[in-house]
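Peer 1: Hey, dropping input-v6.txt in here, compact mmCIF, C-alpha atoms and all ligand atoms:
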# COMPACT_ATOMS: atom_id res chain seq x y z
CA MET A 1 0.00 0.00 0.00
CA THR A 2 1.21 3.52 -0.77
CA ALA A 3 -0.21 6.14 1.52
CA GLN A 4 -2.39 9.05 0.62
CA ILE A 5 -0.41 12.15 1.59
CA ILE A 6 -2.35 14.44 3.93
CA ASP A 7 -1.71 17.93 2.54
CA GLY A 8 -1.60 20.22 5.57
CA LYS A 9 -1.06 23.28 3.37
CA GLN A 10 -4.27 22.55 1.51
CA VAL A 11 -6.35 21.90 4.65
CA ALA A 12 -4.87 25.01 6.29
CA ALA A 13 -5.65 27.11 3.20
CA GLU A 14 -9.30 25.93 3.28
CA MET A 15 -9.65 26.79 6.96
CA ARG A 16 -7.91 30.15 6.53
CA ALA A 17 -10.30 31.04 3.71
CA GLU A 18 -13.22 30.29 6.08
CA LEU A 19 -11.59 32.45 8.78
CA LYS A 20 -10.95 35.28 6.32
CA ASP A 21 -14.68 35.32 5.45
CA GLU A 22 -15.54 35.33 9.12
CA ALA A 23 -13.12 38.20 9.83
CA ALA A 24 -14.68 40.20 6.97
CA LYS A 25 -18.17 39.67 8.46
CA LEU A 26 -16.94 40.76 11.90
CA LYS A 27 -15.35 43.85 10.39
CA LYS A 28 -18.77 44.95 9.15
CA LYS A 29 -19.85 44.89 12.79
CA GLY A 30 -16.82 47.00 13.74
CA ILE A 31 -14.88 44.06 15.22
CA VAL A 32 -11.27 43.33 14.24
CA PRO A 33 -9.84 40.34 16.14
CA GLY A 34 -6.37 41.15 17.50
CA LEU A 35 -3.40 38.99 18.43
CA GLY A 36 -0.62 40.20 20.73
CA VAL A 37 2.65 38.38 20.09
CA ILE A 38 5.66 38.41 22.41
CA LEU A 39 9.00 36.96 21.34
CA VAL A 40 11.90 37.19 23.76
CA GLY A 41 15.41 36.58 22.40
CA GLU A 42 16.82 35.60 19.04
CA ASP A 43 16.20 31.87 18.64
CA PRO A 44 16.03 31.43 14.82
CA ALA A 45 13.28 28.78 14.84
CA SER A 46 11.13 30.97 17.14
CA GLN A 47 11.79 34.02 14.95
CA SER A 48 10.56 32.21 11.86
CA TYR A 49 7.44 30.90 13.68
CA VAL A 50 6.60 34.39 14.91
CA THR A 51 7.12 35.98 11.49
CA ALA A 52 4.82 33.34 9.98
CA LYS A 53 2.18 34.11 12.65
CA GLU A 54 2.36 37.83 11.95
CA ARG A 55 2.00 37.27 8.18
CA ALA A 56 -0.91 34.89 8.69
CA CYS A 57 -2.75 37.52 10.78
CA GLU A 58 -2.26 40.07 8.05
CA ASP A 59 -3.41 37.63 5.35
CA ILE A 60 -6.79 36.99 6.94
CA GLY A 61 -7.33 40.55 8.16
CA LEU A 62 -6.54 40.37 11.87
CA TYR A 63 -4.82 43.08 13.89
CA SER A 64 -1.47 42.00 15.28
CA ASP A 65 0.62 43.71 17.93
CA ASP A 66 4.16 42.37 17.59
CA ASN A 67 6.70 42.71 20.37
CA ARG A 68 10.26 41.47 19.96
CA LEU A 69 12.21 41.80 23.18
CA ALA A 70 15.91 41.38 23.94
CA ALA A 71 17.06 38.07 25.46
CA ASN A 72 18.02 39.88 28.69
CA THR A 73 14.50 41.26 29.25
CA SER A 74 13.58 41.05 32.95
CA GLN A 75 10.73 38.94 34.31
CA ALA A 76 9.11 42.15 35.63
CA ASP A 77 9.14 43.83 32.20
CA LEU A 78 7.70 40.73 30.55
CA MET A 79 4.96 40.46 33.19
CA ALA A 80 4.14 44.16 32.70
CA LEU A 81 3.74 43.68 28.95
CA VAL A 82 1.41 40.71 29.48
CA GLU A 83 -0.64 42.80 31.91
CA LYS A 84 -0.82 45.65 29.39
CA MET A 85 -2.14 43.23 26.76
CA ASN A 86 -4.63 41.75 29.26
CA ASN A 87 -6.10 45.25 29.58
CA ASP A 88 -5.98 46.21 25.89
CA PRO A 89 -9.43 45.78 24.30
CA ARG A 90 -7.90 45.59 20.80
CA ILE A 91 -6.16 42.36 21.78
CA ASN A 92 -8.24 39.19 21.93
CA GLY A 93 -5.39 36.70 22.03
CA ILE A 94 -1.97 36.77 23.70
CA LEU A 95 0.84 34.56 22.51
CA VAL A 96 4.16 34.34 24.34
CA GLN A 97 6.48 32.31 22.12
CA LEU A 98 8.07 29.38 23.97
CA PRO A 99 10.64 28.44 25.04
CA LEU A 100 11.61 31.62 26.87
CA PRO A 101 15.34 32.31 27.34
CA LYS A 102 16.97 30.83 30.45
CA GLY A 103 16.33 32.85 33.60
CA LEU A 104 12.72 33.71 32.77
CA ASN A 105 9.93 31.92 34.61
CA GLU A 106 7.67 30.43 31.95
CA ALA A 107 5.03 29.08 34.33
CA GLU A 108 4.61 32.48 35.98
CA VAL A 109 4.18 34.20 32.60
CA LEU A 110 1.61 31.67 31.35
CA LEU A 111 -0.35 32.03 34.61
CA ALA A 112 -0.44 35.82 34.18
CA ILE A 113 -2.20 35.66 30.79
CA ASP A 114 -5.95 36.33 31.07
CA PRO A 115 -7.52 32.86 30.45
CA ALA A 116 -10.08 34.59 28.18
CA LYS A 117 -7.17 35.69 25.93
CA ASP A 118 -5.14 32.49 26.22
CA VAL A 119 -5.35 31.47 22.54
CA ASP A 120 -2.47 28.99 23.00
CA GLY A 121 -4.56 27.07 25.55
CA PHE A 122 -1.59 26.84 27.93
CA HIS A 123 -3.11 28.53 31.03
CA PRO A 124 -3.84 25.95 33.77
CA MET A 125 -7.48 27.13 33.76
CA ASN A 126 -7.88 26.22 30.08
CA VAL A 127 -5.88 23.01 30.50
CA GLY A 128 -8.20 22.00 33.37
CA LYS A 129 -11.32 22.85 31.40
CA MET A 130 -10.07 20.81 28.45
CA VAL A 131 -9.41 17.79 30.70
CA VAL A 132 -12.91 17.82 32.20
CA GLY A 133 -14.49 18.38 28.78
CA GLU A 134 -15.66 21.99 29.27
CA LYS A 135 -15.46 24.60 26.52
CA ALA A 136 -11.90 25.94 26.45
CA PHE A 137 -9.27 27.26 24.05
CA LEU A 138 -7.68 24.10 22.70
CA PRO A 139 -3.90 24.10 22.20
CA CYS A 140 -3.11 24.76 18.55
CA THR A 141 -0.86 21.88 17.48
CA PRO A 142 -2.98 19.05 18.94
CA HIS A 143 -6.15 20.73 17.68
CA GLY A 144 -4.54 21.00 14.23
CA VAL A 145 -3.67 17.28 14.32
CA ILE A 146 -7.29 16.37 15.09
CA GLN A 147 -8.59 18.65 12.32
CA LEU A 148 -6.23 16.98 9.82
CA LEU A 149 -7.50 13.53 10.83
CA ILE A 150 -11.16 14.49 10.71
CA ARG A 151 -10.91 16.43 7.45
CA SER A 152 -9.11 13.44 5.87
CA GLY A 153 -12.04 11.19 6.85
CA VAL A 154 -10.11 9.17 9.46
CA LYS A 155 -12.43 7.60 12.03
CA LEU A 156 -11.41 8.38 15.62
CA GLU A 157 -14.17 6.57 17.46
CA GLY A 158 -12.84 3.28 18.78
CA ALA A 159 -9.45 3.76 17.08
CA GLU A 160 -6.29 2.61 18.83
CA VAL A 161 -3.96 5.62 18.90
CA ALA A 162 -0.29 5.55 19.93
CA ILE A 163 1.17 8.97 20.72
CA VAL A 164 4.96 9.08 20.92
CA GLY A 165 5.95 12.01 23.15
CA ARG A 166 4.47 13.44 26.36
CA SER A 167 5.17 17.19 26.09
CA ASN A 168 2.80 19.75 27.60
CA ILE A 169 2.40 21.35 24.14
CA VAL A 170 1.54 18.22 22.12
CA GLY A 171 1.51 14.73 23.68
CA LYS A 172 -0.38 15.35 26.92
CA PRO A 173 -3.12 17.64 25.53
CA LEU A 174 -3.58 15.48 22.43
CA ALA A 175 -4.13 12.37 24.57
CA ASN A 176 -6.71 14.26 26.60
CA MET A 177 -8.56 15.56 23.56
CA LEU A 178 -8.67 12.13 21.90
CA ILE A 179 -10.23 10.40 24.93
CA GLN A 180 -13.03 12.96 25.34
CA LYS A 181 -16.56 11.63 24.91
CA ASN A 182 -17.32 13.72 21.82
CA ALA A 183 -17.11 13.72 18.03
CA THR A 184 -13.39 14.57 18.05
CA GLY A 185 -12.55 11.94 20.67
CA ASN A 186 -13.72 8.45 21.67
CA ALA A 187 -10.33 6.94 20.78
CA THR A 188 -8.30 4.51 22.92
CA VAL A 189 -4.98 6.20 23.56
CA THR A 190 -1.54 5.00 24.62
CA VAL A 191 1.04 7.68 25.43
CA CYS A 192 4.61 6.47 24.86
CA HIS A 193 7.74 8.29 26.01
CA THR A 194 11.46 7.94 26.65
CA ARG A 195 10.88 5.43 29.47
CA THR A 196 8.46 3.24 27.51
CA LYS A 197 9.84 -0.32 27.58
CA ASN A 198 8.92 -1.56 24.12
CA LEU A 199 7.86 1.32 21.89
CA ALA A 200 7.35 -0.82 18.76
CA GLU A 201 4.92 -3.10 20.61
CA HIS A 202 2.62 -0.12 21.13
CA THR A 203 3.02 1.52 17.73
CA ARG A 204 2.46 -1.82 15.88
CA ARG A 205 -0.90 -2.26 17.59
CA ALA A 206 -2.06 1.25 16.68
CA ASP A 207 -4.50 2.25 13.93
CA ILE A 208 -3.14 5.80 14.23
CA VAL A 209 0.44 6.69 15.21
CA ILE A 210 1.20 10.29 16.17
CA ALA A 211 4.91 11.07 16.45
CA ALA A 212 5.81 14.07 18.63
CA ALA A 213 9.14 13.08 20.10
CA GLY A 214 11.44 15.67 18.51
CA ARG A 215 13.89 13.09 17.14
CA PRO A 216 14.35 11.93 13.51
CA ASN A 217 13.56 8.26 12.70
CA THR A 218 11.71 7.65 15.95
CA VAL A 219 9.06 5.77 13.94
CA THR A 220 10.34 3.37 11.27
CA ALA A 221 8.49 1.03 8.86
CA ASP A 222 9.00 -2.08 11.01
CA MET A 223 7.21 -0.31 13.89
CA VAL A 224 3.82 0.15 12.17
CA LYS A 225 1.14 -2.14 10.81
CA ASP A 226 -0.15 -2.12 7.22
CA GLY A 227 -2.77 0.55 6.62
CA VAL A 228 -1.76 2.66 9.64
CA VAL A 229 -2.50 6.41 9.68
CA VAL A 230 0.65 8.37 10.58
CA ILE A 231 0.77 11.98 11.77
CA ASP A 232 4.25 13.43 12.11
CA VAL A 233 4.48 16.43 14.44
CA GLY A 234 8.29 16.48 14.51
CA VAL A 235 10.29 19.35 13.03
CA ASN A 236 14.01 18.56 13.12
CA ARG A 237 16.91 20.28 11.38
CA VAL A 238 19.43 17.87 9.86
CA GLU A 239 22.65 19.01 8.22
CA ASP A 240 22.47 19.02 4.43
CA ALA A 241 25.37 20.50 2.46
CA THR A 242 23.30 20.45 -0.76
CA LYS A 243 20.95 23.11 0.70
CA LYS A 244 21.84 26.77 0.61
CA ARG A 245 20.98 27.21 4.29
CA GLY A 246 23.01 24.11 5.22
CA TYR A 247 20.14 22.01 6.65
CA ARG A 248 16.80 20.48 5.76
CA LEU A 249 13.73 19.83 7.85
CA VAL A 250 12.66 16.28 8.66
CA GLY A 251 9.99 14.90 10.97
CA ASP A 252 10.15 12.11 13.54
CA VAL A 253 9.03 9.47 11.03
CA ASP A 254 11.05 7.66 8.35
CA PHE A 255 8.65 9.09 5.75
CA GLU A 256 9.92 7.33 2.61
CA ALA A 257 9.69 3.81 4.09
CA VAL A 258 6.59 4.31 6.25
CA LYS A 259 4.55 5.79 3.40
CA GLU A 260 4.77 2.39 1.63
CA LYS A 261 2.85 0.75 4.51
CA ALA A 262 0.51 3.51 5.66
CA SER A 263 -2.96 4.41 4.38
CA PHE A 264 -2.48 8.12 5.25
CA ILE A 265 0.63 10.06 6.24
CA THR A 266 1.60 13.70 6.78
CA PRO A 267 4.83 15.06 5.25
CA VAL A 268 7.34 17.38 6.95
CA PRO A 269 7.27 20.19 6.04
CA GLY A 270 3.72 20.74 4.79
CA GLY A 271 1.78 18.52 7.19
CA VAL A 272 1.00 19.56 10.76
CA GLY A 273 3.06 22.79 10.63
CA PRO A 274 0.63 24.96 8.63
CA MET A 275 -2.24 23.78 10.87
CA THR A 276 -0.73 25.11 14.11
CA ILE A 277 -0.91 28.73 12.99
CA THR A 278 -4.33 28.17 11.46
CA MET A 279 -5.72 26.98 14.80
CA LEU A 280 -4.16 30.02 16.49
CA LEU A 281 -6.05 32.26 14.06
CA TYR A 282 -9.18 30.20 14.75
CA ASN A 283 -8.84 30.72 18.53
CA THR A 284 -8.20 34.45 18.08
CA VAL A 285 -11.34 34.91 15.96
CA GLU A 286 -13.29 32.81 18.48
CA SER A 287 -11.99 34.95 21.36
CA ALA A 288 -13.06 38.17 19.59
CA LYS A 289 -16.54 36.68 19.05
CA ARG A 290 -16.78 35.72 22.73
CA ALA A 291 -15.67 39.22 23.79
CA ALA A 292 -18.41 40.71 21.60
CA GLY A 293 -21.04 38.28 22.91
CA LEU A 294 -21.32 36.62 19.47
CA ALA A 295 -19.91 33.17 20.25
CA LYS A 296 -22.20 30.13 20.27
N1 LIG A 301 6.66 27.03 20.74
C1 LIG A 301 6.47 25.91 19.96
N2 LIG A 301 5.18 25.75 19.69
C2 LIG A 301 4.52 26.77 20.30
C3 LIG A 301 3.14 27.13 20.36
O1 LIG A 301 2.24 26.46 19.83
N3 LIG A 301 2.88 28.26 21.07
C4 LIG A 301 3.85 28.98 21.70
N4 LIG A 301 3.48 30.07 22.38
N5 LIG A 301 5.12 28.66 21.66
C5 LIG A 301 5.45 27.56 20.96
Represent the supplied structure as structure tokens.

Peer 2:
Amino acid sequence: MTAQIIDGKQVAAEMRAELKDEAAKLKKKGIVPGLGVILVGEDPASQSYVTAKERACEDIGLYSDDNRLAANTSQADLMALVEKMNNDPRINGILVQLPLPKGLNEAEVLLAIDPAKDVDGFHPMNVGKMVVGEKAFLPCTPHGVIQLLIRSGVKLEGAEVAIVGRSNIVGKPLANMLIQKNATGNATVTVCHTRTKNLAEHTRRADIVIAAAGRPNTVTADMVKDGVVVIDVGVNRVEDATKKRGYRLVGDVDFEAVKEKASFITPVPGGVGPMTITMLLYNTVESAKRAAGLAK
């Protein structure tokens, strides 16, 4: 079997077109959803994420307030900026790009963000709501993964899912979302991690394998069954002298070999990546609707 490639760029473009329409309708009511972005330091990967977020806001007609701060910014200054955004009615979503440079207290910053503007879904209040199945801002990457599966027609109900990776940003929230008793859940989930005894035993049993370990070749062809659905969340830089920039991006999955066994697979780049920003835009529009009393 050769897998159908799940085109994240295409799905993201469809969703962004829907959001653009929605933003245009809101504009007629005098509402422009706004995203406040804070990037501290000069990490190149974070810089390119943030630039992509800013461009995406512009593309669909959202207001964006971009703040790029020096790596030696103090905790107090960062907290003050978050507070300013909490009180700014033009801003419906606040995004503090992670990881923060060493010396800054990430947990304290995330806790300071108004949960009603927490479009990343990282505030403990939103995490708690998500876990108990209440309406909350869902974290963007896991939400993007679920949208890719659903929009590709993959059945989640009753599916055996193996997630490889237990990060707070992907593995843990994704597991929680997939076990919810709702249309985007009802799966049976195993979360594997660096201390899992026999990773392949779990991935071979799975109907859906989601790789979010942050390491190339974590999932190889011998570790999956025929017809498996594979979602690759990994974004890893590997040296490549043939490229002008000296590296290329690969995921956590041995794509070329696994695609010969899978029924569906996401590429890297062009799979999950474009969905993360799309779901951030989705949450920001949703937040603006809630603030205006227009949300369902
Ligand atoms: N760093 C890597 N992914 C993310 C994300 O989804 N949100 C934020 N704020 N930082 C990140």

Peer 1: Skipping near chain neighbours, those fewer than 5 positions away, what residues fall within 12 Å of A:Ala70 using all atoms listed in the file, listed as a list in words?

Peer 2: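 Listed by chain and then number, they are Ile38, Leu39, Val40, Gly41, Glu42, Asp43, Gln75, Asp77, Leu78, Leu100 and Pro101 of chain A.
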
Peer 1: If the limit is 10 Å from any atom of ligand LIG 301 (chain A), counting all atoms listed in the file, which residues qualify? Return them as an MDAnalysis selection string.

Peer 2: chainID A and resid 37:39 45:46 49:50 94:100 110 118:122 139:142 169:170 273 276:277 279:280

Peer 1: Mind checking which residues fall within 9 Å of stretch 226-243 of chain A, counting only C-alpha atoms, ignoring those fewer than 5 positions away in the same chain, and posting them as a ChimeraX atom specification?

Peer 2: /A:1-3,6,141,145,148-149,154,170,204,206-216,248-253,255,258-269,271-273

Peer 1: As a list in words, please: the residues near A:Asp65 (cut-off 9 Å, all atoms listed in the file, same-chain neighbours under 3 positions excluded).

Peer 2: Gly34, Leu35, Gly36, Val37, Ile38, Glu54 and Ile91 of chain A

Peer 1: Go ahead and save the residues from that selection, with C-alpha atoms, as a compact mmCIF listing (two decimals), keeping the file's coordinate frame.

Peer 2:
# COMPACT_ATOMS: atom_id res chain seq x y z
CA GLY A 34 -6.37 41.15 17.50
CA LEU A 35 -3.40 38.99 18.43
CA GLY A 36 -0.62 40.20 20.73
CA VAL A 37 2.65 38.38 20.09
CA ILE A 38 5.66 38.41 22.41
CA GLU A 54 2.36 37.83 11.95
CA ILE A 91 -6.16 42.36 21.78

Peer 1: Using all atoms listed in the file, which residues sit within 10 Å of A:Asn176 once same-chain residues fewer than 6 positions away are excluded, as an NGL selection string?

Peer 2: :A and (127 or 130-133 or 142 or 185 or 189)

Peer 1: Can you measure atom CA of A:Ser167 to atom CA of A:Asn126 for me? One decimal in Å is fine.

Peer 2: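 Interatomic distance here is 16.4 Å.
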
Peer 1: Which residues, protein or nucleic acid, reach to within 12 Å of (-14.9, 13.8, 22.6) in the file's coordinates when using all atoms listed in the file, and can you give that as an MDAnalysis selection string?

Peer 2: chainID A and resid 130:135 146 156:158 174:188

Peer 1: What's around A:Ala23 at 12 Å? Count all atoms listed in the file, leave out sequence neighbours fewer than 6 positions away in its own chain, and write the answer as a list in words.

Peer 2: Arg16, Ala17, Lys29, Gly30, Ile31, Val32, Pro33, Gly34, Cys57, Glu58, Asp59, Ile60, Gly61, Leu62, Tyr63, Leu281, Tyr282, Thr284, Val285, Glu286, Ala288 and Lys289 of chain A

Peer 1: What does the distance from atom CA of A:Asn86 to atom CA of A:Asp114 come to in Å, to one decimal?

Peer 2: 5.9 Å

Peer 1: From the set A:Val11, A:Val82, A:Ile163, A:Pro89, which residue has the shortest atom-to-atom contact distance to A:Ala292, counting only C-alpha atoms?

Peer 2: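 Under the stated criterion, the closest residue is A:Pro89.
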
Peer 1: Using Å and a single decimal, report how far atom CA of A:Gln47 sits from atom CA of A:Asn67.

Peer 2: 11.4 Å

Peer 1: Select, from A:Lys296, A:Arg55, A:Lys28, A:Arg290, the residue with the minimum atom-to-atom distance to A:Lys117, counting only C-alpha atoms.

Peer 2: A:Arg290

Peer 1: Kindly extract all protein, DNA and RNA residues lying within 12 Å of the coordinates (3.1, -3.3, 20.4) given in the file, considering all atoms listed in the file, and supply them as number ranges by chain.

Peer 2: A: 160-162, 190, 192, 196-207, 209, 222-225

Peer 1: For the residues selected in the previous step, produce a file with C-alpha atoms as a PDB file, in the coordinates of the input.

Peer 2:
ATOM      1  CA  GLU A 160      -6.290   2.610  18.830  1.00  0.00           C
ATOM      2  CA  VAL A 161      -3.960   5.620  18.900  1.00  0.00           C
ATOM      3  CA  ALA A 162      -0.290   5.550  19.930  1.00  0.00           C
ATOM      4  CA  THR A 190      -1.540   5.000  24.620  1.00  0.00           C
ATOM      5  CA  CYS A 192       4.610   6.470  24.860  1.00  0.00           C
ATOM      6  CA  THR A 196       8.460   3.240  27.510  1.00  0.00           C
ATOM      7  CA  LYS A 197       9.840  -0.320  27.580  1.00  0.00           C
ATOM      8  CA  ASN A 198       8.920  -1.560  24.120  1.00  0.00           C
ATOM      9  CA  LEU A 199       7.860   1.320  21.890  1.00  0.00           C
ATOM     10  CA  ALA A 200       7.350  -0.820  18.760  1.00  0.00           C
ATOM     11  CA  GLU A 201       4.920  -3.100  20.610  1.00  0.00           C
ATOM     12  CA  HIS A 202       2.620  -0.120  21.130  1.00  0.00           C
ATOM     13  CA  THR A 203       3.020   1.520  17.730  1.00  0.00           C
ATOM     14  CA  ARG A 204       2.460  -1.820  15.880  1.00  0.00           C
ATOM     15  CA  ARG A 205      -0.900  -2.260  17.590  1.00  0.00           C
ATOM     16  CA  ALA A 206      -2.060   1.250  16.680  1.00  0.00           C
ATOM     17  CA  ASP A 207      -4.500   2.250  13.930  1.00  0.00           C
ATOM     18  CA  VAL A 209       0.440   6.690  15.210  1.00  0.00           C
ATOM     19  CA  ASP A 222       9.000  -2.080  11.010  1.00  0.00           C
ATOM     20  CA  MET A 223       7.210  -0.310  13.890  1.00  0.00           C
ATOM     21  CA  VAL A 224       3.820   0.150  12.170  1.00  0.00           C
ATOM     22  CA  LYS A 225       1.140  -2.140  10.810  1.00  0.00           C
TER      23      LYS A 225
END
